[in-house]
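Data first, discussion second: the structure below is written as structure tokens.
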Amino acid sequence: MDDMENWPEVEKAAAEKRRELVLQGPGVDKRVSSHGGLVSSIFSLTLLNYLEVSQCPSLTEIHEDIRRLTTLQSLILCRNKLASVPSAIGDLRSLRVLDLSVNDLTVLPDGLVQLRELNTLNVSCNRLEALPEGLGQCTKLSTINVSKNRITGFPADFYSERLDLLSSLVASDNCIRELSGDVHKLAALKVLDLSQNKLSEIPSELSDCPKLKEINFKGNKLSDKRLEKMVNGCQTKSILEYLRGKGKGRQGEDGGDADGGRNADKRKRQQQRKKKDKGAEEPDEVEELNKMVLRVLHVSDASAALEVKVTAEVKDVRPYLVCCVVRGMNLKPGNSLKRFLVAQTKLHDDLCGKRTTATIATHDVQLLKGPLTYDVKPPTQLKIVALGRKEMTAVELIRLLHLEAEDLRKQKKRQNVTGLHKYLQLLQGKAFYPCLVDAEGHVISFPPITNSENTKIKKTTRELFLEVTSATSLQTCKDIMDALIVKMAELNKFTAEHREEAGSDGEGDGPPEPATGGSEISSELIVQQVRTVDQDGNLKVVYPSKTDFSKDISNLTIIW
């Protein structure tokens with residue numbers, strides 16, 4: 001008989017006939033380790049429609065009794081060490097969301113294809129080499145994430161008209177060598193990410209996907225070098241137009257105007273020779289689109305550089321922090337601010353593991369009062385004006401967030417919870433909470449929960465203070481900050497290229513800026529180093545340093 005006293009969450013869920021159960025973190029992991037797995041009474045909670053067991057490295061397998069939870073609609077088993085999942089999972093016929101990300105899976109269970117109600121599948125960050133045959137039977141799939149695996153290709157039946165709801169397919173950082181021309185059968189596809197794979201060709205049929213809005217093929221060594229440059233620097237629309245043109249060219253080769261196609265190529269070569277003979281040195285259009293520039297300003301070159309002092313007490317709470325200042329980010333035109341906030345949210349969901357791995361915060365430099373201190377405070381003494389709220393203590397804020405979570409469960413009939421309320425669990429049992437404090441003692445950031453309304457960025461912000469905190473490692477902070485700044489460079493380049501949108505949404509703090517066709521708007525970003533030091537002033541880290549931005553990004557130029 002199971003010792004229910006050691007599993008109070010399970011006992012409470014049974015007594016209150018709850019529809020939701022969340023088990024995560026070191027305390028649960030210790031019990032999993034001593035018990036040799038999950039307590040079997042969990043599988044008697046047949047009313048559950050949401051079950052999450054995460055961040056338990058001792059959890060290596062799930063018992064087949066999970067088939068008894070037939071009312072489950074969401075099953076979250078991420079950030080464990082699962083080596084296998086039983087095929088009995090196929091008996092969960094009501095399942096809509098399945099998250100098996102960040103485990104040690106080498107194969108997915110055959111029963112997966114029996115999940116006819118499945119809407120979202122996340123198996124990223126495992127060691128999978130293939131997806132199961134028959135995935136096309138899961139006709140309600142809308143979102144699939146298989147990134148960071150060892151997958152070499154998709155099953156033959158994957159490109160099926162039956163998957164007419166599939167809108168997002170993320171398969172970056174794999175070993176995929178071919179994308180079939182049948183991809184056009186995925187008529188609802190809006191997002192396709194196949195970056196960092198081993199593709200040599202992109203089928204022209206991809207341009208026939210009618211709803212495709214965002215594609216990413218960066219990091220693939222394509223045989224068409226012009227196309228390779230385009231995928232590293234151009235917008236989706238331009239790439240699809242190019243592929244569409246290639247498709248028409250191939251039609252000529254297959255029996256249409258073949259001579260016309262060859263003659264067109266000949267005329268193009270002749271025109272290029274003429275330009276060369278005239279001494280014209282016009283840069284290639286793709287090369288121009290390809291340029292992103294980051295200029296790093298050394299801390300010694302800044303007259304009033306911000307510095308962050310880190311207290312010794314954060315070591316046991318959330319010890320890692322990197323910061324920097326970014327100038328030149330144009331957030332005023334059109335939807336540029338919205339695009340930046342959406343990109344930050346996407347980083348939080350993906351690289352940051354829904355904030356469980358790390359948290360990003362942004363501030364308007366003009367509203368900061370340095371020097372800053374990264375410290376800890378008791379929950380009753382930590383006060384912050386959280387985004388969109390009045391000033392309150394951390395205890396009050398978290399209590400309010402829990403109440404909002406409870407209301408949400410009732411509205412949704414306890415089918416799911418938001419990402420925000422999942423990472424509230426990270427602070428459970430902590431006697432002190434981490435915070436970033438300004439020179440006047442005001443808390444401007446409370447990771448991983450929120451930052452301050454008083455320092456939030458807006459459309460007129462031109463200097464941003466960026467911070468990334470983590471309980472995992474310093475390198476994690478640096479990697480995520482690298483990704484954030486590269487994304488900012490991409491967005492700033494996009495804004496510069498589409499300057500006709502300036503002021504189009506009417507949300508600016510002044511009159512719309514005219515779109516001047518003749519003037520050039522720079523997309524260059526300046527990244528100013530920020531030092532973090534200990535209480536004695538000794539350097540802990542400076543970001544960015546020469547070892548950062550180490551990932552080869554062909555379309556990014558860094559000037560030190």
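So you can find residues: chains in the structure tokens are A, B, ... in the order shown, residues in each start at 1, and ligands are numbered from 1 in order.
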
Got a sec: who's within 7 Å of region 17-27 of chain A, counting only C-alpha atoms, leaving out chain neighbours fewer than 3 positions off, as a ChimeraX atom specification? /A:13-14,30-31,47-56,414

Convert the current residue selection to file output with all heavy atoms, as a tab-separated table (two decimals), in the first residue's frame.
```
chain	number	residue	atom	x	y	z
A	13	ALA	N	-5.67	16.03	-3.79
A	13	ALA	CA	-6.40	15.93	-5.06
A	13	ALA	C	-7.49	14.87	-4.98
A	13	ALA	O	-8.59	15.04	-5.52
A	13	ALA	CB	-5.42	15.61	-6.20
A	14	ALA	N	-7.20	13.77	-4.28
A	14	ALA	CA	-8.19	12.70	-4.14
A	14	ALA	C	-9.34	13.14	-3.24
A	14	ALA	O	-10.52	12.92	-3.55
A	14	ALA	CB	-7.53	11.44	-3.58
A	30	LYS	N	12.93	14.20	-4.94
A	30	LYS	CA	13.46	13.39	-3.84
A	30	LYS	C	12.53	12.24	-3.51
A	30	LYS	O	12.96	11.10	-3.29
A	30	LYS	CB	13.67	14.29	-2.62
A	30	LYS	CG	14.36	13.60	-1.46
A	30	LYS	CD	14.63	14.59	-0.33
A	30	LYS	CE	15.33	13.90	0.84
A	30	LYS	NZ	15.61	14.87	1.96
A	31	ARG	N	11.22	12.52	-3.53
A	31	ARG	CA	10.25	11.46	-3.26
A	31	ARG	C	10.20	10.43	-4.38
A	31	ARG	O	10.07	9.23	-4.13
A	31	ARG	CB	8.87	12.08	-3.04
A	31	ARG	CG	8.68	12.71	-1.68
A	31	ARG	CD	7.32	13.34	-1.54
A	31	ARG	NE	7.30	14.71	-2.03
A	31	ARG	CZ	6.21	15.37	-2.35
A	31	ARG	NH1	5.03	14.79	-2.25
A	31	ARG	NH2	6.27	16.62	-2.77
A	47	LEU	N	-10.50	11.57	-12.17
A	47	LEU	CA	-11.18	12.81	-12.55
A	47	LEU	C	-10.22	13.82	-13.16
A	47	LEU	O	-10.65	14.85	-13.69
A	47	LEU	CB	-11.88	13.44	-11.34
A	47	LEU	CG	-13.04	12.65	-10.72
A	47	LEU	CD1	-13.58	13.38	-9.50
A	47	LEU	CD2	-14.16	12.45	-11.75
A	48	LEU	N	-8.93	13.56	-13.08
A	48	LEU	CA	-7.94	14.52	-13.56
A	48	LEU	C	-8.11	14.80	-15.05
A	48	LEU	O	-8.28	13.88	-15.85
A	48	LEU	CB	-6.52	14.01	-13.33
A	48	LEU	CG	-5.96	14.00	-11.90
A	48	LEU	CD1	-4.54	13.46	-11.92
A	48	LEU	CD2	-5.99	15.40	-11.29
A	49	ASN	N	-8.06	16.10	-15.40
A	49	ASN	CA	-7.92	16.42	-16.83
A	49	ASN	C	-6.65	17.21	-17.10
A	49	ASN	O	-6.35	17.53	-18.25
A	49	ASN	CB	-9.16	17.16	-17.37
A	49	ASN	CG	-9.49	18.41	-16.60
A	49	ASN	OD1	-8.61	19.15	-16.18
A	49	ASN	ND2	-10.78	18.65	-16.39
A	50	TYR	N	-5.88	17.54	-16.04
A	50	TYR	CA	-4.56	18.16	-16.21
A	50	TYR	C	-3.60	17.52	-15.22
A	50	TYR	O	-3.81	17.55	-14.01
A	50	TYR	CB	-4.63	19.67	-15.96
A	50	TYR	CG	-3.31	20.39	-16.17
A	50	TYR	CD1	-3.01	20.99	-17.37
A	50	TYR	CD2	-2.35	20.43	-15.15
A	50	TYR	CE1	-1.80	21.63	-17.57
A	50	TYR	CE2	-1.14	21.07	-15.33
A	50	TYR	CZ	-0.86	21.67	-16.54
A	50	TYR	OH	0.34	22.29	-16.74
A	51	LEU	N	-2.52	16.92	-15.75
A	51	LEU	CA	-1.49	16.32	-14.91
A	51	LEU	C	-0.13	16.81	-15.38
A	51	LEU	O	0.21	16.68	-16.57
A	51	LEU	CB	-1.54	14.79	-14.98
A	51	LEU	CG	-0.40	14.05	-14.26
A	51	LEU	CD1	-0.40	14.36	-12.76
A	51	LEU	CD2	-0.50	12.55	-14.49
A	52	GLU	N	0.63	17.38	-14.46
A	52	GLU	CA	2.00	17.81	-14.77
A	52	GLU	C	2.96	17.21	-13.76
A	52	GLU	O	2.79	17.37	-12.54
A	52	GLU	CB	2.13	19.33	-14.77
A	52	GLU	CG	3.57	19.79	-14.97
A	52	GLU	CD	3.72	21.30	-15.05
A	52	GLU	OE1	2.68	21.99	-15.21
A	52	GLU	OE2	4.85	21.79	-14.95
A	53	VAL	N	3.98	16.53	-14.26
A	53	VAL	CA	5.10	16.07	-13.44
A	53	VAL	C	6.36	16.52	-14.17
A	53	VAL	O	6.68	16.02	-15.24
A	53	VAL	CB	5.10	14.53	-13.27
A	53	VAL	CG1	6.21	14.12	-12.32
A	53	VAL	CG2	3.75	14.04	-12.77
A	54	SER	N	7.07	17.48	-13.60
A	54	SER	CA	8.20	18.08	-14.31
A	54	SER	C	9.35	18.37	-13.36
A	54	SER	O	9.19	18.41	-12.14
A	54	SER	CB	7.76	19.37	-15.01
A	54	SER	OG	7.26	20.31	-14.07
A	55	GLN	N	10.54	18.56	-13.96
A	55	GLN	CA	11.77	18.89	-13.23
A	55	GLN	C	12.11	17.85	-12.17
A	55	GLN	O	12.46	18.17	-11.04
A	55	GLN	CB	11.65	20.28	-12.59
A	55	GLN	CG	11.37	21.39	-13.59
A	55	GLN	CD	11.22	22.74	-12.94
A	55	GLN	OE1	12.16	23.25	-12.35
A	55	GLN	NE2	10.03	23.33	-13.04
A	56	CYS	N	11.98	16.58	-12.57
A	56	CYS	CA	12.30	15.45	-11.68
A	56	CYS	C	13.30	14.53	-12.38
A	56	CYS	O	12.90	13.58	-13.07
A	56	CYS	CB	11.04	14.67	-11.31
A	56	CYS	SG	9.84	15.62	-10.36
A	414	ARG	N	-11.32	23.73	-15.54
A	414	ARG	CA	-10.10	23.08	-15.03
A	414	ARG	C	-9.37	22.26	-16.09
A	414	ARG	O	-8.75	21.26	-15.79
A	414	ARG	CB	-10.42	22.21	-13.82
A	414	ARG	CG	-11.10	22.98	-12.70
A	414	ARG	CD	-11.19	22.15	-11.45
A	414	ARG	NE	-11.82	22.91	-10.38
A	414	ARG	CZ	-11.62	22.67	-9.10
A	414	ARG	NH1	-10.83	21.71	-8.74
A	414	ARG	NH2	-12.22	23.39	-8.18
```

Counting only C-alpha atoms, what is within 12 Å of Lys148 (chain A), bar same-chain residues fewer than 4 positions away, as a list in words?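 Contacts, with the query itself left out: Ser101, Val102, Asn103, Asp104, Leu105, Asn122, Val123, Ser124, Cys125, Asn126, Arg127, Leu128, Glu129, Thr152, Val170, Ala171, Ser172, Asp173, Asn174, Cys175, Ile176, Asp193, Leu194, Ser195, Gln196, Asn197, Asp350 and Leu351 of chain A.
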
Best match for closeness to Ile559 (chain A) among A:Lys346, A:His442, A:Lys546, A:Lys246, counting only C-alpha atoms: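 The closest residue to Ile559 (chain A) is A:Lys546.
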
Give me, as a PyMOL selection string, all polymer residues having an atom no more than 10 Å from Leu347 (chain A), counting only C-alpha atoms and skipping those fewer than 2 positions away in the same chain. chain A and resi 341-345+349-355+358-360+480+483-484+487

I'd like the neighbourhood of Leu165 (chain A) as an NGL selection string, where a residue qualifies if any of its atoms comes within 10 Å (using only C-alpha atoms), though same-chain residues fewer than 4 positions away should be ignored. :A and (119 or 139-143 or 161 or 186-189)

Neighbours of Leu206 (chain A) within 9 Å (only C-alpha atoms; same-chain residues fewer than 3 positions away dropped), as a list in words?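 Non-adjacent residues within range: Ser180, Gly181, Asp182, Val183, His184, Ile202, Pro203, Cys209, Leu212, Leu240, Leu243 and Arg244 of chain A.
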
DSSP on the backbone, then: every residue of region 43-261 of chain A marked alpha helix (DSSP H), written as a PyMOL selection string. chain A and resi 225-233+236-253+258-261

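If you look at CA of Val107 (chain A) and CA of Ala83 (chain A), they are 8.6 Å away from each other.
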
Between CA of Leu118 (chain A) and CA of Ile144 (chain A), measure the distance and give it in Å to one decimal. 10.3 Å

Rank A:Val326, A:Val191, A:Leu166, A:Leu306 by their smallest atom-to-atom distance to Ala489 (chain A), using only C-alpha atoms, and report the top residue only. A:Val326

Nearest to Val317 (chain A) among A:Gln137, A:Thr461, A:Thr472, A:Thr46, with distances taken over only C-alpha atoms: which residue is it?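 Selected residue with least distance to Val317 (chain A): A:Thr472.
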